[in-house]
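Peer 1: For reference, the file data_3.pdb (PDB, C-alpha atoms) is included below:
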ATOM      1  CA  MET A  22      29.942 -20.001 -20.769
ATOM      2  CA  THR A  23      31.690 -22.905 -19.077
ATOM      3  CA  GLY A  24      33.482 -23.066 -15.753
ATOM      4  CA  LYS A  25      31.324 -20.284 -14.316
ATOM      5  CA  ARG A  26      31.895 -19.273 -10.694
ATOM      6  CA  CYS A  27      29.270 -17.798  -8.383
ATOM      7  CA  ALA A  28      29.706 -16.412  -4.874
ATOM      8  CA  TYR A  29      26.681 -17.022  -2.676
ATOM      9  CA  LEU A  30      26.638 -14.096  -0.247
ATOM     10  CA  THR A  31      25.612 -15.140   3.246
ATOM     11  CA  MET A  32      26.229 -14.578   6.968
ATOM     12  CA  GLU A  33      29.066 -15.853   9.128
ATOM     13  CA  ASN A  34      26.558 -17.472  11.498
ATOM     14  CA  THR A  35      23.379 -18.947  10.019
ATOM     15  CA  GLU A  36      22.380 -20.888  13.127
ATOM     16  CA  GLY A  37      18.691 -20.546  13.918
ATOM     17  CA  TRP A  38      17.716 -19.360  10.431
ATOM     18  CA  SER A  39      15.496 -21.308   8.017
ATOM     19  CA  ILE A  40      17.516 -21.489   4.808
ATOM     20  CA  ASP A  41      16.899 -23.656   1.743
ATOM     21  CA  ALA A  42      18.820 -21.684  -0.896
ATOM     22  CA  GLU A  43      21.211 -24.593  -1.321
ATOM     23  CA  LEU A  44      18.433 -26.387  -3.222
ATOM     24  CA  GLY A  45      19.254 -24.070  -6.102
ATOM     25  CA  PHE A  46      22.897 -25.147  -6.220
ATOM     26  CA  PRO A  47      22.543 -28.543  -7.997
ATOM     27  CA  PRO A  48      20.576 -27.101 -10.949
ATOM     28  CA  MET A  49      23.109 -24.268 -11.133
ATOM     29  CA  GLU A  50      25.914 -26.816 -11.187
ATOM     30  CA  ALA A  51      24.089 -28.669 -13.961
ATOM     31  CA  LEU A  52      24.300 -25.418 -15.952
ATOM     32  CA  GLY A  53      28.054 -25.204 -15.424
ATOM     33  CA  TRP A  54      28.238 -23.127 -12.251
ATOM     34  CA  GLN A  55      30.533 -23.626  -9.274
ATOM     35  CA  VAL A  56      28.897 -22.090  -6.213
ATOM     36  CA  GLU A  57      30.894 -20.941  -3.181
ATOM     37  CA  SER A  58      29.344 -19.551   0.007
ATOM     38  CA  VAL A  59      31.014 -16.298   1.082
ATOM     39  CA  PRO A  60      30.103 -14.437   4.321
ATOM     40  CA  TRP A  61      29.739 -10.794   3.372
ATOM     41  CA  ARG A  62      31.477  -9.491   6.512
ATOM     42  CA  SER A  63      34.602 -11.598   6.159
ATOM     43  CA  ALA A  64      35.093 -11.698   2.393
ATOM     44  CA  ASP A  65      38.649 -11.166   1.148
ATOM     45  CA  GLY A  66      37.503  -8.602  -1.418
ATOM     46  CA  ASN A  67      38.781 -10.571  -4.393
ATOM     47  CA  TRP A  68      35.462 -10.497  -6.204
ATOM     48  CA  GLY A  69      37.057 -10.662  -9.636
ATOM     49  CA  ARG A  70      37.567 -14.401  -9.224
ATOM     50  CA  PHE A  71      33.804 -14.819  -9.582
ATOM     51  CA  ASP A  72      31.640 -14.341 -12.646
ATOM     52  CA  ALA A  73      28.627 -13.425 -10.522
ATOM     53  CA  VAL A  74      27.675 -12.765  -6.912
ATOM     54  CA  TYR A  75      24.199 -13.782  -5.744
ATOM     55  CA  ILE A  76      22.956 -11.872  -2.693
ATOM     56  CA  GLY A  77      21.730 -14.954  -0.885
ATOM     57  CA  THR A  78      21.171 -14.796   2.877
ATOM     58  CA  PRO A  79      23.123 -11.865   4.388
ATOM     59  CA  TRP A  80      20.214 -11.333   6.778
ATOM     60  CA  ASP A  81      22.261  -9.531   9.432
ATOM     61  CA  TYR A  82      22.938  -6.509   7.202
ATOM     62  CA  PRO A  83      20.464  -4.184   9.020
ATOM     63  CA  GLU A  84      22.986  -4.180  11.878
ATOM     64  CA  ASP A  85      25.331  -2.202   9.597
ATOM     65  CA  PRO A  86      23.659  -1.330   6.282
ATOM     66  CA  GLU A  87      26.389   1.146   5.324
ATOM     67  CA  ALA A  88      29.072  -1.546   5.570
ATOM     68  CA  PHE A  89      26.851  -3.908   3.590
ATOM     69  CA  LEU A  90      26.414  -1.353   0.830
ATOM     70  CA  ARG A  91      30.161  -0.781   0.737
ATOM     71  CA  VAL A  92      30.711  -4.483   0.151
ATOM     72  CA  LEU A  93      28.097  -4.529  -2.600
ATOM     73  CA  GLY A  94      29.689  -1.439  -4.114
ATOM     74  CA  ASP A  95      33.051  -3.219  -4.191
ATOM     75  CA  ILE A  96      31.421  -6.181  -5.921
ATOM     76  CA  ASP A  97      29.734  -3.912  -8.442
ATOM     77  CA  ALA A  98      33.047  -2.182  -9.176
ATOM     78  CA  SER A  99      34.730  -5.525  -9.853
ATOM     79  CA  SER A 100      34.373  -7.695 -12.929
ATOM     80  CA  ALA A 101      31.773  -9.847 -11.108
ATOM     81  CA  LEU A 102      28.105  -9.324 -11.888
ATOM     82  CA  LEU A 103      25.997  -8.486  -8.814
ATOM     83  CA  VAL A 104      22.578 -10.173  -8.789
ATOM     84  CA  ASN A 105      20.164  -8.473  -8.167
ATOM     85  CA  ASN A 106      21.890  -5.348  -9.363
ATOM     86  CA  LEU A 107      23.012  -2.475  -7.192
ATOM     87  CA  GLU A 108      20.341  -0.078  -8.455
ATOM     88  CA  LEU A 109      17.588  -2.376  -7.198
ATOM     89  CA  VAL A 110      19.412  -2.907  -3.909
ATOM     90  CA  HIS A 111      19.680   0.817  -3.208
ATOM     91  CA  TRP A 112      16.035   1.343  -4.144
ATOM     92  CA  SER A 113      14.640  -1.472  -2.024
ATOM     93  CA  LEU A 114      16.973  -1.332   0.992
ATOM     94  CA  ALA A 115      14.585   0.966   2.861
ATOM     95  CA  LYS A 116      10.866   0.296   2.959
ATOM     96  CA  THR A 117      10.277   3.786   1.561
ATOM     97  CA  TYR A 118      10.260   2.080  -1.845
ATOM     98  CA  LEU A 119       6.616   1.381  -0.970
ATOM     99  CA  ARG A 120       5.910   5.084  -1.453
ATOM    100  CA  ASP A 121       7.274   4.820  -4.975
ATOM    101  CA  LEU A 122       5.114   1.791  -5.703
ATOM    102  CA  GLU A 123       2.060   3.628  -4.396
ATOM    103  CA  GLU A 124       2.838   6.633  -6.595
ATOM    104  CA  ARG A 125       3.073   4.266  -9.568
ATOM    105  CA  GLY A 126      -0.375   2.858  -8.839
ATOM    106  CA  ALA A 127       0.164  -0.066  -6.457
ATOM    107  CA  ALA A 128      -2.165  -0.572  -3.496
ATOM    108  CA  ILE A 129       0.042  -0.809  -0.405
ATOM    109  CA  VAL A 130      -0.755  -1.193   3.275
ATOM    110  CA  PRO A 131      -1.468   2.433   4.334
ATOM    111  CA  SER A 132       1.749   3.907   5.724
ATOM    112  CA  ILE A 133       2.889   6.934   7.689
ATOM    113  CA  TRP A 134       6.607   7.695   7.395
ATOM    114  CA  ARG A 135       8.578   9.420  10.149
ATOM    115  CA  GLU A 136      12.245  10.173  10.820
ATOM    116  CA  ARG A 137      12.169   9.958  14.641
ATOM    117  CA  MET A 138       9.834   8.918  17.400
ATOM    118  CA  CYS A 139       7.409  10.956  19.436
ATOM    119  CA  THR A 140       4.566   9.138  21.132
ATOM    120  CA  GLU A 141       2.168  11.982  20.373
ATOM    121  CA  MET A 142       2.595  11.129  16.706
ATOM    122  CA  LEU A 143       1.654   7.528  17.458
ATOM    123  CA  ASP A 144      -1.512   8.680  19.207
ATOM    124  CA  ALA A 145      -2.446  10.586  16.065
ATOM    125  CA  ALA A 146      -1.633   7.558  13.886
ATOM    126  CA  PHE A 147      -4.452   5.515  15.470
ATOM    127  CA  ASP A 148      -6.928   8.177  14.393
ATOM    128  CA  GLU A 149      -5.368   8.711  10.967
ATOM    129  CA  HIS A 150      -5.485   5.003  10.191
ATOM    130  CA  GLY A 151      -8.887   4.570  11.879
ATOM    131  CA  THR A 152      -7.747   1.556  13.865
ATOM    132  CA  ASP A 153      -7.232   0.346  17.428
ATOM    133  CA  ARG A 154      -3.979  -1.470  16.596
ATOM    134  CA  ILE A 155      -0.936  -0.246  14.690
ATOM    135  CA  ILE A 156       2.361  -1.734  13.532
ATOM    136  CA  VAL A 157       5.568   0.260  13.993
ATOM    137  CA  LYS A 158       8.768  -0.953  12.327
ATOM    138  CA  PRO A 159      12.079   0.440  11.057
ATOM    139  CA  VAL A 160      12.392   1.343   7.404
ATOM    140  CA  VAL A 161      15.490  -0.887   7.261
ATOM    141  CA  SER A 162      14.978  -4.270   8.903
ATOM    142  CA  THR A 163      14.645  -8.002   8.345
ATOM    143  CA  ASN A 164      12.794 -10.827  10.073
ATOM    144  CA  ALA A 165      10.403  -8.530  12.001
ATOM    145  CA  THR A 166      13.266  -7.201  14.134
ATOM    146  CA  HIS A 167      12.165  -4.157  16.193
ATOM    147  CA  THR A 168       8.601  -4.532  14.926
ATOM    148  CA  PHE A 169       5.911  -3.559  17.433
ATOM    149  CA  LEU A 170       2.181  -4.320  17.484
ATOM    150  CA  LEU A 171       0.654  -1.560  19.601
ATOM    151  CA  THR A 172      -2.621  -0.482  21.136
ATOM    152  CA  ARG A 173      -2.967   2.978  22.687
ATOM    153  CA  GLU A 174      -2.400   1.418  26.092
ATOM    154  CA  ARG A 175       0.747  -0.381  24.969
ATOM    155  CA  VAL A 176       2.172   2.835  23.561
ATOM    156  CA  ARG A 177       2.115   4.156  27.125
ATOM    157  CA  GLN A 178       3.530   0.938  28.559
ATOM    158  CA  GLN A 179       6.361   0.702  25.997
ATOM    159  CA  GLU A 180       7.076   4.401  25.603
ATOM    160  CA  ASP A 181      10.667   4.173  26.859
ATOM    161  CA  GLU A 182      11.460   1.197  24.615
ATOM    162  CA  LEU A 183       9.912   2.901  21.612
ATOM    163  CA  ARG A 184      11.972   6.040  22.215
ATOM    164  CA  ARG A 185      15.168   3.994  22.553
ATOM    165  CA  THR A 186      14.438   2.057  19.387
ATOM    166  CA  PHE A 187      13.221   4.888  17.168
ATOM    167  CA  GLY A 188      14.597   8.041  18.792
ATOM    168  CA  ASN A 189      16.884   8.666  15.811
ATOM    169  CA  ARG A 190      15.784   5.944  13.439
ATOM    170  CA  PRO A 191      13.362   6.312  10.522
ATOM    171  CA  PHE A 192      10.265   4.155  10.853
ATOM    172  CA  VAL A 193       6.876   3.457   9.333
ATOM    173  CA  VAL A 194       3.479   3.204  11.045
ATOM    174  CA  GLN A 195       0.779   1.024   9.499
ATOM    175  CA  PRO A 196      -2.643  -0.180  10.590
ATOM    176  CA  PHE A 197      -2.633  -3.762  11.753
ATOM    177  CA  ILE A 198      -4.321  -5.796   9.022
ATOM    178  CA  GLU A 199      -6.591  -8.293  10.759
ATOM    179  CA  SER A 200      -6.351 -10.887   7.976
ATOM    180  CA  ILE A 201      -2.720 -11.528   8.927
ATOM    181  CA  GLN A 202      -4.002 -13.426  11.962
ATOM    182  CA  THR A 203      -7.184 -14.834  10.433
ATOM    183  CA  GLU A 204      -5.732 -15.860   7.048
ATOM    184  CA  GLY A 205      -1.999 -15.137   6.854
ATOM    185  CA  GLU A 206       0.366 -13.404   4.444
ATOM    186  CA  PHE A 207       0.697 -14.498   0.827
ATOM    187  CA  SER A 208       4.006 -14.519  -1.026
ATOM    188  CA  LEU A 209       4.480 -14.712  -4.778
ATOM    189  CA  PHE A 210       7.911 -15.674  -6.097
ATOM    190  CA  TYR A 211       9.152 -14.356  -9.410
ATOM    191  CA  PHE A 212      12.174 -15.202 -11.540
ATOM    192  CA  SER A 213      12.750 -12.573 -14.244
ATOM    193  CA  ARG A 214       9.117 -11.435 -13.740
ATOM    194  CA  GLU A 215       7.771 -14.937 -14.376
ATOM    195  CA  LEU A 216       5.683 -16.286 -11.507
ATOM    196  CA  SER A 217       7.252 -19.447 -10.093
ATOM    197  CA  HIS A 218       5.289 -20.441  -6.983
ATOM    198  CA  ALA A 219       3.282 -19.114  -4.057
ATOM    199  CA  THR A 220       3.130 -19.611  -0.307
ATOM    200  CA  LEU A 221       0.901 -18.677   2.592
ATOM    201  CA  LYS A 222       2.630 -17.807   5.877
ATOM    202  CA  VAL A 223       0.427 -18.274   8.936
ATOM    203  CA  PRO A 224       1.608 -16.874  12.295
ATOM    204  CA  LYS A 225       1.438 -19.053  15.354
ATOM    205  CA  GLN A 226      -1.561 -18.628  17.637
ATOM    206  CA  GLY A 227      -1.532 -15.217  19.314
ATOM    207  CA  ASP A 228       1.356 -13.861  17.230
ATOM    208  CA  PHE A 229       1.399 -11.620  14.171
ATOM    209  CA  ARG A 230       4.860 -12.349  12.787
ATOM    210  CA  VAL A 231       4.930 -14.542   9.692
ATOM    211  CA  GLN A 232       8.570 -15.667   9.757
ATOM    212  CA  GLU A 233       9.436 -19.290  10.484
ATOM    213  CA  GLU A 234      11.980 -18.101  13.025
ATOM    214  CA  HIS A 235       9.028 -16.791  15.055
ATOM    215  CA  GLY A 236       7.028 -20.000  14.831
ATOM    216  CA  ALA A 237       4.926 -19.296  11.740
ATOM    217  CA  GLU A 238       3.794 -22.095   9.437
ATOM    218  CA  VAL A 239       4.587 -21.837   5.721
ATOM    219  CA  LEU A 240       2.246 -23.573   3.280
ATOM    220  CA  SER A 241       2.493 -24.109  -0.452
ATOM    221  CA  VAL A 242      -0.636 -22.727  -2.146
ATOM    222  CA  GLN A 243      -2.142 -22.148  -5.547
ATOM    223  CA  ALA A 244      -2.573 -18.390  -5.755
ATOM    224  CA  GLU A 245      -6.025 -17.191  -6.733
ATOM    225  CA  SER A 246      -6.356 -15.233  -9.948
ATOM    226  CA  ALA A 247      -6.922 -11.873  -8.216
ATOM    227  CA  LEU A 248      -3.676 -12.283  -6.285
ATOM    228  CA  ILE A 249      -1.722 -13.260  -9.401
ATOM    229  CA  GLU A 250      -3.128 -10.289 -11.311
ATOM    230  CA  THR A 251      -2.158  -7.969  -8.454
ATOM    231  CA  GLY A 252       1.313  -9.467  -8.189
ATOM    232  CA  ASP A 253       1.962  -9.265 -11.927
ATOM    233  CA  ARG A 254       0.820  -5.648 -11.956
ATOM    234  CA  VAL A 255       3.114  -4.733  -9.063
ATOM    235  CA  MET A 256       6.101  -6.508 -10.600
ATOM    236  CA  GLY A 257       5.479  -4.591 -13.815
ATOM    237  CA  LEU A 258       6.130  -1.380 -11.879
ATOM    238  CA  VAL A 259       9.681  -2.431 -10.979
ATOM    239  CA  GLU A 260      12.641  -1.422 -13.140
ATOM    240  CA  PRO A 261      15.126  -2.814 -13.929
ATOM    241  CA  ILE A 262      13.691  -6.322 -14.050
ATOM    242  CA  PRO A 263      14.817  -8.278 -10.976
ATOM    243  CA  VAL A 264      16.263 -11.733 -11.548
ATOM    244  CA  TYR A 265      14.527 -12.903  -8.383
ATOM    245  CA  ALA A 266      11.840 -11.305  -6.244
ATOM    246  CA  ARG A 267       9.379 -12.108  -3.514
ATOM    247  CA  ALA A 268       6.214 -10.047  -3.299
ATOM    248  CA  ASP A 269       4.280 -10.220  -0.004
ATOM    249  CA  PHE A 270       0.566  -9.421   0.142
ATOM    250  CA  VAL A 271      -2.220  -9.295   2.714
ATOM    251  CA  ARG A 272      -5.934  -9.145   2.096
ATOM    252  CA  GLY A 273      -7.267  -5.736   3.090
ATOM    253  CA  PRO A 274     -10.605  -5.049   4.807
ATOM    254  CA  ASP A 275     -12.248  -4.476   1.415
ATOM    255  CA  GLY A 276     -10.926  -7.750  -0.004
ATOM    256  CA  ARG A 277      -8.208  -6.200  -2.160
ATOM    257  CA  PHE A 278      -4.691  -7.544  -1.949
ATOM    258  CA  LEU A 279      -2.280  -4.968  -0.535
ATOM    259  CA  VAL A 280       1.488  -4.951  -0.904
ATOM    260  CA  MET A 281       3.105  -5.619   2.458
ATOM    261  CA  GLU A 282       6.678  -5.795   1.186
ATOM    262  CA  LEU A 283       8.608  -6.362  -2.015
ATOM    263  CA  GLU A 284      11.809  -8.300  -1.346
ATOM    264  CA  LEU A 285      14.479  -7.727  -3.999
ATOM    265  CA  ILE A 286      17.743  -7.945  -2.073
ATOM    266  CA  GLU A 287      17.986 -11.222  -0.176
ATOM    267  CA  PRO A 288      14.539 -12.804   0.021
ATOM    268  CA  SER A 289      14.015 -16.283   1.324
ATOM    269  CA  MET A 290      12.709 -17.914  -1.859
ATOM    270  CA  TYR A 291      11.210 -21.037  -0.209
ATOM    271  CA  LEU A 292      12.556 -23.203  -2.989
ATOM    272  CA  ARG A 293      11.508 -26.310  -1.057
ATOM    273  CA  MET A 294       7.851 -25.431  -1.591
ATOM    274  CA  ASP A 295       7.867 -26.298  -5.306
ATOM    275  CA  SER A 296       9.913 -29.103  -6.831
ATOM    276  CA  GLU A 297      10.539 -27.078  -9.996
ATOM    277  CA  ALA A 298      11.416 -23.808  -8.248
ATOM    278  CA  PRO A 299      15.172 -24.567  -7.875
ATOM    279  CA  ARG A 300      15.444 -25.239 -11.601
ATOM    280  CA  ARG A 301      13.484 -22.109 -12.490
ATOM    281  CA  PHE A 302      15.736 -20.029 -10.264
ATOM    282  CA  ALA A 303      18.918 -21.516 -11.736
ATOM    283  CA  GLU A 304      17.769 -21.019 -15.317
ATOM    284  CA  ALA A 305      16.724 -17.408 -14.713
ATOM    285  CA  PHE A 306      20.023 -16.663 -12.961
ATOM    286  CA  ASP A 307      22.093 -18.318 -15.675
ATOM    287  CA  GLN A 308      20.212 -16.615 -18.506
ATOM    288  CA  TYR A 309      20.559 -13.194 -16.900
ATOM    289  CA  VAL A 310      24.303 -13.531 -16.311
ATOM    290  CA  THR A 311      24.878 -14.916 -19.805
ATOM    291  CA  ASP A 312      22.918 -12.080 -21.404
ATOM    292  CA  GLU A 313      24.655  -9.402 -19.339
ATOM    293  CA  LEU A 314      28.150 -10.722 -19.993
ATOM    294  CA  ASN A 315      27.442 -11.085 -23.707
ATOM    295  CA  ARG A 316      26.105  -7.516 -23.739
ATOM    296  CA  SER A 317      29.224  -6.177 -22.028
ATOM    297  CA  GLN A 318      31.484  -7.952 -24.520
ATOM    298  CA  SER A 319      29.621  -6.846 -27.647
TER
END
Go through the file and emit its structure as structure tokens.

Peer 2:
Amino acid sequence: MTGKRCAYLTMENTEGWSIDAELGFPPMEALGWQVESVPWRSADGNWGRFDAVYIGTPWDYPEDPEAFLRVLGDIDASSALLVNNLELVHWSLAKTYLRDLEERGAAIVPSIWRERMCTEMLDAAFDEHGTDRIIVKPVVSTNATHTFLLTRERVRQQEDELRRTFGNRPFVVQPFIESIQTEGEFSLFYFSRELSHATLKVPKQGDFRVQEEHGAEVLSVQAESALIETGDRVMGLVEPIPVYARADFVRGPDGRFLVMELELIEPSMYLRMDSEAPRRFAEAFDQYVTDELNRSQS
């Protein structure tokens, strides 16, 4: 293919967000791609002018996930190839995909799933998880939005806010994993199931959130063998094969690595953390699109 065109799906306002996806553009251009940033909310709908659409940084989609899915559906119905594909998007949009991974054999952070809030249920969750601190977060969210770290006392103090936030909104309750504050959260980055690089995200002092937007530090690391083995095993449970993926892990109390999240829609890939990561991304993207278009024409 020559003269290939790619839409990079993003937000209308990216101010305040840590984004380095543009590092992948030069190696894509070297492979014959023209990349154009397109805000998903204000797109003209003429997706057929692109060969592929990469779901880059549309990180405001939890504000209106139904509208976001409609846009992706329009892309999928056009001649453009959506990357990652719509099946993976639908599966991983809500964090309930973790239940599927657990059923397939993955070790996840223990999770209780609920459709609406009652504080009595939260009281029971402390006992069920055997912990003094719990995390409560929506099943559809990004960047730790509406994520609460709670003790029994704080449940009482924040009861009204919790009811407003989760009164009619599905959510998940997990034990707070202490290693998040003492060690951090590990991320493994995969392109077409091949491990590219790894990072460690360390929250700022006194916080538990591991996003840069909340003051966390992101470090490039060499993943230990046990983490790589766990990550490879988890990625092997995902079908179809994602072109790009970020798998987040924390070290559990028994030393095992537990899946915190699997990001398949619009993960920050931290391409700046490895000099070869932009090239690996571009090559995986290009190979996938080439193979898919050749398959559709055969």

Peer 1: Please build the interface table for region 244-269 of chain A against region 109-132 of chain A with a cut-off of 10 Å, listing for each qualifying residue the nearest atom pair and the distance in Å to one decimal; count only C-alpha atoms, order rows by chain and increasing number, and write it as a Markdown table.

Peer 2:
| residue | atom | partner | partner_atom | distance |
| --- | --- | --- | --- | --- |
| A:Thr251 | CA | A:Ala127 | CA | 8.5 |
| A:Gly252 | CA | A:Ala127 | CA | 9.6 |
| A:Arg254 | CA | A:Ala127 | CA | 7.9 |
| A:Val255 | CA | A:Ala127 | CA | 6.1 |
| A:Met256 | CA | A:Leu122 | CA | 9.7 |
| A:Leu258 | CA | A:Arg125 | CA | 6.8 |
| A:Val259 | CA | A:Leu122 | CA | 8.2 |
| A:Glu260 | CA | A:Leu109 | CA | 7.8 |
| A:Pro261 | CA | A:Leu109 | CA | 7.2 |
| A:Ile262 | CA | A:Leu109 | CA | 8.8 |
| A:Pro263 | CA | A:Leu109 | CA | 7.5 |

Peer 1: Name every residue that the PyMOL selection byres ((chain A and resi 76-92) around 7) selects in this structure, writing the answer as a PyMOL selection string with chains first and numbers rising.

Peer 2: chain A and resi 29-32+61+74-75+93-96+104+161-163+286-287

Peer 1: Given 6 Å of margin on each side, can you work out the centre and size in Å (one decimal) of an axis-aligned box holding every listed atom of region 175-191 of chain A, as AutoDock Vina command-line options?

Peer 2:
--center_x 8.8 --center_y 4.1 --center_z 19.5 --size_x 28.1 --size_y 21.0 --size_z 30.0

Peer 1: Given only C-alpha atoms as the basis, pick out the residue of A:Ala28, A:Met290, A:Val223, A:Ala73 nearest to Ala42 (chain A).

Peer 2: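 Ranked by minimum distance to Ala42 (chain A), first place goes to A:Met290.
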
Peer 1: Apply the PyMOL selection byres ((chain A and resi 157) around 7) to the displayed file and report the matching residues as a list of chain:residue names.

Peer 2: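 Applied to this file, the PyMOL selection byres ((chain A and resi 157) around 7) selects A:Ile155, A:Ile156, A:Lys158, A:Thr168, A:Phe169, A:Leu170, A:Phe192, A:Val193, A:Val194, A:Gln195.
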
Peer 1: Please measure the separation of CA of Thr140 (chain A) and CA of Asp228 (chain A), giving the value in Å to one decimal.

Peer 2: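 Here the two named atoms are 23.5 Å from each other.
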
Peer 1: For Thr172 (chain A), which of A:Gly24, A:Gly69, A:Pro299, A:Pro196 is the closest residue, counting all atoms listed in the file?

Peer 2: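 Between A:Gly24, A:Gly69, A:Pro299, A:Pro196, the residue approaching Thr172 (chain A) most closely is A:Pro196.
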
Peer 1: For the structure shown, which residues end up in the PyMOL selection byres ((chain A and resi 268) around 6)? Put them as a ChimeraX atom specification, please?

Peer 2: /A:208-209,267,269,283

Peer 1: Between CA of Asp295 (chain A) and CA of Thr311 (chain A), what is the distance in Å, rounded to a tenth?

Peer 2: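 Taking CA of Asp295 (chain A) as the start and CA of Thr311 (chain A) as the end point, the length is 25.1 Å.
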
Peer 1: Return the single residue from A:Gln178, A:Ser296, A:Gln226, A:Thr220 that is closest to Gly45 (chain A), with distances computed using all atoms listed in the file.

Peer 2: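 When distances to Gly45 (chain A) are compared using all atoms listed in the file, the smallest one comes from A:Ser296.
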
Peer 1: Need to verify the contact set: region 238-243 of chain A, 9 Å, only C-alpha atoms, exclusion of same-chain residues closer than 2 positions in sequence. Can you return it as a PyMOL selection string?

Peer 2: chain A and resi 207+218-225+231-233+236+245+291+294-295

Peer 1: Could you state the separation of CA of Ile198 (chain A) and CA of Arg177 (chain A) in Å, given to one decimal place?

Peer 2: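 Atom-to-atom, CA of Ile198 (chain A) to CA of Arg177 (chain A), that is 21.6 Å.
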
Peer 1: In terms of the shortest atom-to-atom distance over all atoms listed in the file, which of A:Asn34, A:Arg190, A:Tyr309, A:Tyr211 is closest to Pro288 (chain A)?

Peer 2: A:Tyr211

Peer 1: Which of these, A:Ser63, A:Thr152, A:Thr35, A:Ser217, has the shortest distance to Leu171 (chain A) once you count only C-alpha atoms?

Peer 2: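 Looking only at the distances to Leu171 (chain A), the closest residue turns out to be A:Thr152.
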
Peer 1: Using all atoms listed in the file, which residue out of A:Val176, A:Leu216, A:Cys139, A:Ala51 lies closest to Asp153 (chain A)?

Peer 2: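 Closest to Asp153 (chain A) of all the choices is A:Val176.
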